[in-house]
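Here's input14.cif, which has mmCIF, C-alpha atoms and all ligand atoms:
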```cif
data_input
#
loop_
_atom_site.label_atom_id
_atom_site.label_comp_id
_atom_site.auth_asym_id
_atom_site.auth_seq_id
_atom_site.Cartn_x
_atom_site.Cartn_y
_atom_site.Cartn_z
CA MET A 1 -11.57 6.57 -8.89
CA LYS A 2 -12.71 10.00 -10.04
CA LEU A 3 -13.06 11.55 -6.57
CA LEU A 4 -9.47 10.58 -5.73
CA GLU A 5 -8.01 11.72 -9.05
CA ASP A 6 -9.76 15.08 -8.68
CA ARG A 7 -8.36 15.43 -5.16
CA ILE A 8 -4.83 14.57 -6.29
CA ARG A 9 -5.10 17.19 -9.07
CA LYS A 10 -6.42 19.77 -6.61
CA ASP A 11 -4.20 19.19 -3.58
CA GLY A 12 -1.28 17.03 -4.73
CA LYS A 13 2.10 18.68 -5.15
CA ILE A 14 4.61 17.42 -7.68
CA LYS A 15 8.15 17.53 -6.39
CA GLU A 16 11.43 17.09 -8.18
CA GLY A 17 12.43 13.48 -8.78
CA ASN A 18 8.91 12.28 -9.57
CA VAL A 19 7.70 12.54 -5.99
CA LEU A 20 4.01 13.24 -5.45
CA LYS A 21 3.23 14.93 -2.15
CA VAL A 22 -0.24 14.27 -0.84
CA ASP A 23 0.45 15.36 2.71
CA SER A 24 -2.68 17.47 3.05
CA PHE A 25 -5.13 14.57 2.74
CA LEU A 26 -3.34 11.18 2.65
CA ASN A 27 0.14 10.97 4.19
CA HIS A 28 0.26 13.49 7.02
CA GLN A 29 -3.05 15.26 7.54
CA MET A 30 -5.68 12.63 6.72
CA ASP A 31 -9.14 13.11 5.23
CA VAL A 32 -11.00 10.20 6.80
CA LYS A 33 -14.18 10.86 4.82
CA LEU A 34 -12.11 10.33 1.68
CA PHE A 35 -10.61 7.23 3.33
CA HIS A 36 -14.15 5.93 3.84
CA GLU A 37 -14.93 6.41 0.13
CA ILE A 38 -11.64 4.62 -0.63
CA GLY A 39 -12.78 1.74 1.59
CA LEU A 40 -16.11 1.50 -0.23
CA GLU A 41 -14.32 1.50 -3.60
CA PHE A 42 -12.01 -1.36 -2.52
CA LYS A 43 -15.11 -3.21 -1.27
CA ARG A 44 -16.65 -2.88 -4.75
CA ARG A 45 -13.45 -3.93 -6.51
CA PHE A 46 -13.02 -7.03 -4.35
CA GLU A 47 -16.76 -7.86 -4.37
CA GLY A 48 -17.41 -11.58 -3.94
CA LYS A 49 -13.93 -12.29 -2.57
CA GLU A 50 -13.68 -13.78 0.88
CA ILE A 51 -11.46 -11.53 3.01
CA ASN A 52 -11.07 -11.85 6.79
CA LYS A 53 -7.96 -9.75 7.43
CA ILE A 54 -6.30 -6.57 6.17
CA LEU A 55 -2.50 -6.35 6.25
CA THR A 56 -0.54 -3.13 5.81
CA ILE A 57 2.87 -1.69 6.71
CA GLU A 58 3.83 1.16 8.98
CA ALA A 59 3.71 4.08 8.92
CA SER A 60 1.58 5.75 6.30
CA GLY A 61 -0.42 2.66 5.31
CA ILE A 62 -1.96 2.33 8.75
CA GLY A 63 -4.51 5.15 8.69
CA ILE A 64 -6.01 4.09 5.38
CA ALA A 65 -5.93 0.40 6.25
CA CYS A 66 -7.86 1.06 9.47
CA VAL A 67 -10.71 2.78 7.67
CA VAL A 68 -10.73 0.13 4.93
CA ALA A 69 -10.85 -2.58 7.61
CA GLU A 70 -13.85 -0.89 9.22
CA VAL A 71 -15.67 -0.96 5.87
CA PHE A 72 -14.76 -4.66 5.36
CA ASP A 73 -15.62 -5.36 9.02
CA VAL A 74 -12.40 -7.33 9.58
CA PRO A 75 -9.31 -6.87 11.78
CA VAL A 76 -6.26 -5.02 10.48
CA VAL A 77 -2.63 -5.89 11.18
CA PHE A 78 0.37 -3.75 10.32
CA ALA A 79 3.83 -5.11 9.61
CA LYS A 80 6.46 -3.39 11.76
CA LYS A 81 9.72 -2.08 10.44
CA THR A 82 12.41 -3.13 12.85
CA GLN A 83 16.08 -3.52 13.51
CA THR A 84 15.78 -5.45 16.75
CA LYS A 85 16.20 -9.20 16.68
CA ASN A 86 13.19 -10.93 18.14
CA ILE A 87 13.40 -14.43 19.53
CA ALA A 88 13.48 -16.74 16.53
CA GLY A 89 10.17 -18.38 15.83
CA GLU A 90 7.75 -15.85 17.23
CA VAL A 91 7.49 -13.62 14.14
CA TYR A 92 7.44 -13.87 10.37
CA ARG A 93 10.28 -11.75 9.04
CA THR A 94 11.49 -10.60 5.64
CA GLN A 95 13.68 -7.87 4.18
CA VAL A 96 12.47 -4.83 2.26
CA GLU A 97 14.77 -2.71 0.16
CA SER A 98 13.74 0.93 -0.12
CA PHE A 99 15.14 2.60 -3.22
CA THR A 100 13.73 5.95 -2.19
CA HIS A 101 15.51 5.88 1.15
CA GLY A 102 18.46 3.80 -0.04
CA ARG A 103 18.35 1.27 2.77
CA VAL A 104 17.27 -2.23 3.67
CA TYR A 105 15.06 -2.94 6.65
CA ASP A 106 13.31 -5.94 8.17
CA ILE A 107 9.56 -6.16 8.48
CA ILE A 108 7.88 -8.46 10.96
CA VAL A 109 4.42 -9.71 11.86
CA SER A 110 3.75 -11.77 14.97
CA LYS A 111 2.73 -15.35 14.24
CA GLU A 112 -0.13 -14.72 16.64
CA PHE A 113 -1.86 -12.43 14.13
CA LEU A 114 -1.35 -14.16 10.78
CA GLY A 115 -1.91 -17.81 9.96
CA LYS A 116 -3.33 -20.43 7.66
CA ASP A 117 -6.97 -19.53 8.30
CA ASP A 118 -6.49 -15.96 7.10
CA LYS A 119 -7.65 -14.64 3.73
CA VAL A 120 -5.68 -11.46 3.38
CA LEU A 121 -6.08 -8.20 1.50
CA LEU A 122 -2.93 -6.05 1.42
CA ILE A 123 -3.49 -2.29 1.62
CA ASP A 124 -0.95 0.50 1.14
CA ASP A 125 -0.94 4.18 0.28
CA PHE A 126 1.69 4.17 -2.49
CA LEU A 127 2.99 1.62 -4.95
CA ALA A 128 6.30 2.72 -6.45
CA ASN A 129 8.92 0.02 -6.81
CA GLY A 130 6.73 -2.60 -5.19
CA LYS A 131 9.16 -3.64 -2.50
CA ALA A 132 6.77 -3.04 0.38
CA LEU A 133 3.98 -5.10 -1.23
CA GLU A 134 6.46 -7.83 -2.21
CA GLY A 135 7.62 -8.02 1.40
CA LEU A 136 4.06 -8.18 2.71
CA SER A 137 3.14 -10.91 0.23
CA THR A 138 6.19 -12.90 1.36
CA LEU A 139 5.00 -12.68 4.98
CA VAL A 140 1.53 -13.89 3.93
CA GLN A 141 3.07 -16.78 1.99
CA ASP A 142 5.30 -17.76 4.94
CA SER A 143 2.31 -17.77 7.28
CA GLY A 144 0.31 -20.17 5.11
CA ALA A 145 -2.47 -17.60 4.77
CA GLU A 146 -4.21 -16.99 1.45
CA LEU A 147 -3.32 -13.79 -0.40
CA VAL A 148 -6.59 -12.57 -1.90
CA GLY A 149 -5.23 -9.37 -3.41
CA ALA A 150 -3.68 -5.98 -2.93
CA GLY A 151 -5.27 -2.54 -2.91
CA VAL A 152 -3.22 0.62 -3.25
CA VAL A 153 -4.44 4.18 -3.25
CA ILE A 154 -1.87 5.67 -5.65
CA GLU A 155 0.22 3.64 -8.07
CA LYS A 156 3.09 5.38 -9.83
CA GLY A 157 2.56 3.69 -13.17
CA PHE A 158 5.91 4.78 -14.54
CA GLN A 159 7.76 2.80 -11.86
CA VAL A 160 8.13 -0.98 -11.93
CA GLY A 161 6.07 -2.00 -8.89
CA GLY A 162 2.69 -2.49 -10.57
CA GLN A 163 4.18 -4.76 -13.21
CA ILE A 164 6.08 -6.82 -10.62
CA ILE A 165 3.01 -7.34 -8.44
CA ARG A 166 0.73 -8.21 -11.41
CA ASP A 167 3.39 -10.56 -12.85
CA ARG A 168 3.34 -12.40 -9.53
CA GLY A 169 -0.30 -13.19 -10.26
CA ILE A 170 -1.54 -10.98 -7.44
CA HIS A 171 -4.94 -9.34 -7.97
CA LEU A 172 -3.91 -5.69 -7.73
CA GLU A 173 -6.38 -2.81 -7.61
CA SER A 174 -4.97 0.72 -7.73
CA LEU A 175 -7.50 3.50 -7.26
CA ALA A 176 -5.42 6.07 -9.13
CA ILE A 177 -2.56 5.25 -11.47
CA VAL A 178 -0.26 8.16 -12.26
CA GLU A 179 1.09 7.67 -15.78
CA SER A 180 3.23 10.79 -15.75
CA MET A 181 3.62 14.05 -13.94
CA ASP A 182 5.43 17.28 -14.68
CA ASP A 183 6.88 19.35 -11.85
CA LYS A 184 7.39 22.30 -14.18
CA ASN A 185 3.77 22.89 -15.23
CA GLY A 186 2.03 20.82 -12.54
CA THR A 187 0.16 18.48 -14.89
CA ILE A 188 -0.67 14.90 -13.91
CA VAL A 189 -1.79 12.24 -16.39
CA PHE A 190 -3.77 9.29 -14.98
CA ARG A 191 -4.08 5.90 -16.66
CA GLU A 192 -7.59 5.18 -17.97
CA GLN A 193 -9.10 2.28 -15.99
P1 LIG A 201 7.97 0.57 -2.76
O1 LIG A 201 7.46 0.09 -1.46
O2 LIG A 201 6.89 0.70 -3.78
O3 LIG A 201 9.18 -0.18 -3.25
O4 LIG A 201 8.43 2.02 -2.44
P2 LIG A 201 9.82 2.74 -2.53
O5 LIG A 201 10.83 1.95 -1.78
O6 LIG A 201 10.04 3.10 -3.94
O7 LIG A 201 9.42 4.01 -1.73
C1 LIG A 201 9.80 4.21 -0.39
C2 LIG A 201 8.76 4.97 0.38
O8 LIG A 201 8.34 6.14 -0.31
C3 LIG A 201 7.53 4.21 0.67
O9 LIG A 201 7.09 4.62 1.92
C4 LIG A 201 6.56 4.67 -0.42
O10 LIG A 201 5.24 4.51 -0.01
C5 LIG A 201 6.93 6.10 -0.55
N1 LIG A 201 6.74 6.72 -1.83
C6 LIG A 201 7.23 6.34 -3.03
N2 LIG A 201 6.93 7.25 -3.97
C7 LIG A 201 6.22 8.23 -3.35
C8 LIG A 201 5.65 9.45 -3.79
O11 LIG A 201 5.74 9.86 -4.97
N3 LIG A 201 5.01 10.19 -2.85
C9 LIG A 201 4.91 9.82 -1.56
N4 LIG A 201 4.24 10.61 -0.72
N5 LIG A 201 5.45 8.67 -1.09
C10 LIG A 201 6.10 7.89 -1.99
P3 LIG A 201 7.92 4.22 3.22
O12 LIG A 201 8.92 5.26 3.53
O13 LIG A 201 8.42 2.83 3.09
O14 LIG A 201 6.85 4.16 4.26
P4 LIG A 201 6.18 5.23 5.21
O15 LIG A 201 6.87 5.13 6.51
O16 LIG A 201 6.27 6.57 4.55
O17 LIG A 201 4.83 4.70 5.23
NA NA A 202 5.00 6.32 2.50
NA NA A 203 3.32 3.09 2.79
#
```

File written out as structure tokens:
Amino acid sequence: MKLLEDRIRKDGKIKEGNVLKVDSFLNHQMDVKLFHEIGLEFKRRFEGKEINKILTIEASGIGIACVVAEVFDVPVVFAKKTQTKNIAGEVYRTQVESFTHGRVYDIIVSKEFLGKDDKVLLIDDFLANGKALEGLSTLVQDSGAELVGAGVVIEKGFQVGGQIIRDRGIHLESLAIVESMDDKNGTIVFREQ
């Protein structure tokens, strides 16, 4: 997505350790007009697919997923990261391992908001090691819902997540795929799509 790649080049900041900061328009301050264009692009890429629910994960997926859900005209649910033990049976629960933060956490979705009649599109801001999307797809599977696909705004193509998700047979659409980036001279190379 040209508009997004241009914006990443203009306002993205490359940090040490292959971290891309997009705090000025995606992760902290949010450009909702850009989010709307992102929603329209996902709509085009999943054209003809029946989708009746968007599922994302807190925190930074929520803003984007809300705007995407408005474009798709469907409800949006976010998985909660939690440590508290809910009463068994009322939520779907799985574990997510964050390499970046070096910890394991549980994610949950209430059984009230995900079930066998749902045709789900996963949405997230970043795809790095793929653990968040793997966790979300496990929740969808456990609920008996249909996983239609996954849409991410920025995929870090040099990390393993994209491969893992595609190898699972999940229809993955990434609007910008960063092939490499250089914190010394500030250059970013995107994968041709
Ligand atoms: P994974 O879900 O792909 O496995 O992600 P990983 O554990 O590698 O990354 C942990 C967190 O860092 C995730 O957010 C992910 O979205 C985010 N992240 C990974 N690489 C980058 C990057 O280069 N730039 C930015 N801005 N974020 C990155 P999180 O902490 O789980 O969620 P949230 O609370 O921030 O939404
Ligand atoms: Na994040
Ligand atoms: Na996220």

- prompt: Which residues form the shell of 6 Å around ligand NA 203 (chain A) when you count only C-alpha atoms and all ligand atoms, given as a list in words?
  reply: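 For ligand NA 203 (chain A), the residues inside 6 Å are Ser60, Gly61, Asp124, Asp125 and Phe126 of chain A.
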
7 Å from ligand LIG 201 (chain A) is the threshold here; counting only C-alpha atoms and all ligand atoms, which polymer residues fall inside it? Answer as a short mmCIF file (atom, residue, chain, number, x, y, z; two decimals) with C-alpha atoms, in the frame of the given file.
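Produced file pocket00.cif, reproduced below:
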```cif
data_model
loop_
_atom_site.label_atom_id
_atom_site.label_comp_id
_atom_site.auth_asym_id
_atom_site.auth_seq_id
_atom_site.Cartn_x
_atom_site.Cartn_y
_atom_site.Cartn_z
CA ASN A 18 8.91 12.28 -9.57
CA VAL A 19 7.70 12.54 -5.99
CA LEU A 20 4.01 13.24 -5.45
CA LYS A 21 3.23 14.93 -2.15
CA VAL A 22 -0.24 14.27 -0.84
CA ASP A 23 0.45 15.36 2.71
CA ASN A 27 0.14 10.97 4.19
CA ILE A 57 2.87 -1.69 6.71
CA GLU A 58 3.83 1.16 8.98
CA ALA A 59 3.71 4.08 8.92
CA SER A 60 1.58 5.75 6.30
CA GLY A 61 -0.42 2.66 5.31
CA GLU A 97 14.77 -2.71 0.16
CA SER A 98 13.74 0.93 -0.12
CA PHE A 99 15.14 2.60 -3.22
CA THR A 100 13.73 5.95 -2.19
CA HIS A 101 15.51 5.88 1.15
CA ASP A 125 -0.94 4.18 0.28
CA PHE A 126 1.69 4.17 -2.49
CA LEU A 127 2.99 1.62 -4.95
CA ALA A 128 6.30 2.72 -6.45
CA ASN A 129 8.92 0.02 -6.81
CA GLY A 130 6.73 -2.60 -5.19
CA LYS A 131 9.16 -3.64 -2.50
CA ALA A 132 6.77 -3.04 0.38
CA LEU A 133 3.98 -5.10 -1.23
CA GLY A 161 6.07 -2.00 -8.89
#
```

query: Got a sec: who's within 7 Å of Val120 in chain A, counting all atoms listed in the file, leaving out chain neighbours fewer than 6 positions off, as a count of residues only?
result: 8

query: Any idea what the distance is between CA of Leu34 in chain A and CA of Asp182 in chain A?
result: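 That distance, rounded to one decimal, is 25.0 Å.
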
message: My list of candidates is A:Val104, A:Leu175, A:Val160, A:Val140. Which is closest to Lys43 in chain A when distances are computed with only C-alpha atoms?
response: A:Leu175

field: Among listed residues A:Val109, A:Leu139, A:Ile64, A:Ala150, nearest ligand NA 202 (chain A) (using only C-alpha atoms and all ligand atoms)
entry: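 For ligand NA 202 (chain A), the nearest of the given residues is A:Ile64.
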
- line: Between CA of Ser143 in chain A and CA of Gly102 in chain A lies a distance of 27.9 Å

Distance of CA of Lys13 in chain A from CA of Lys184 in chain A, expressed in Å to one decimal place: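 For CA of Lys184 in chain A relative to CA of Lys13 in chain A, the distance reads 11.1 Å.
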
query: Which residue, A:Ile38, A:Ile108, A:Leu114, A:Val153, has the smallest gap to ligand NA 202 (chain A) when you use all atoms listed in the file?
result: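 Closest candidate: A:Val153.
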
Best match for closeness to ligand NA 202 (chain A) among A:Gly48, A:Gly162, A:Gly63, A:Gly144, counting all atoms listed in the file: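 That would be A:Gly63, the residue with the smallest distance to ligand NA 202 (chain A).
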
Around range 65-71 of chain A, with edges along x, y and z and 6 Å added on all six sides, what centre and edge lengths do you get, in Å to one decimal, as lines of an AutoDock Vina configuration file?
```
center_x = -10.8
center_y = 0.1
center_z = 7.2
size_x = 21.7
size_y = 17.4
size_z = 16.5
```

field: Which residue of A:Val91, A:Leu121, A:Phe35, A:Leu136 approaches Pro75 in chain A most closely, using all atoms listed in the file
entry: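 Result for the nearest residue to Pro75 in chain A: A:Leu121.
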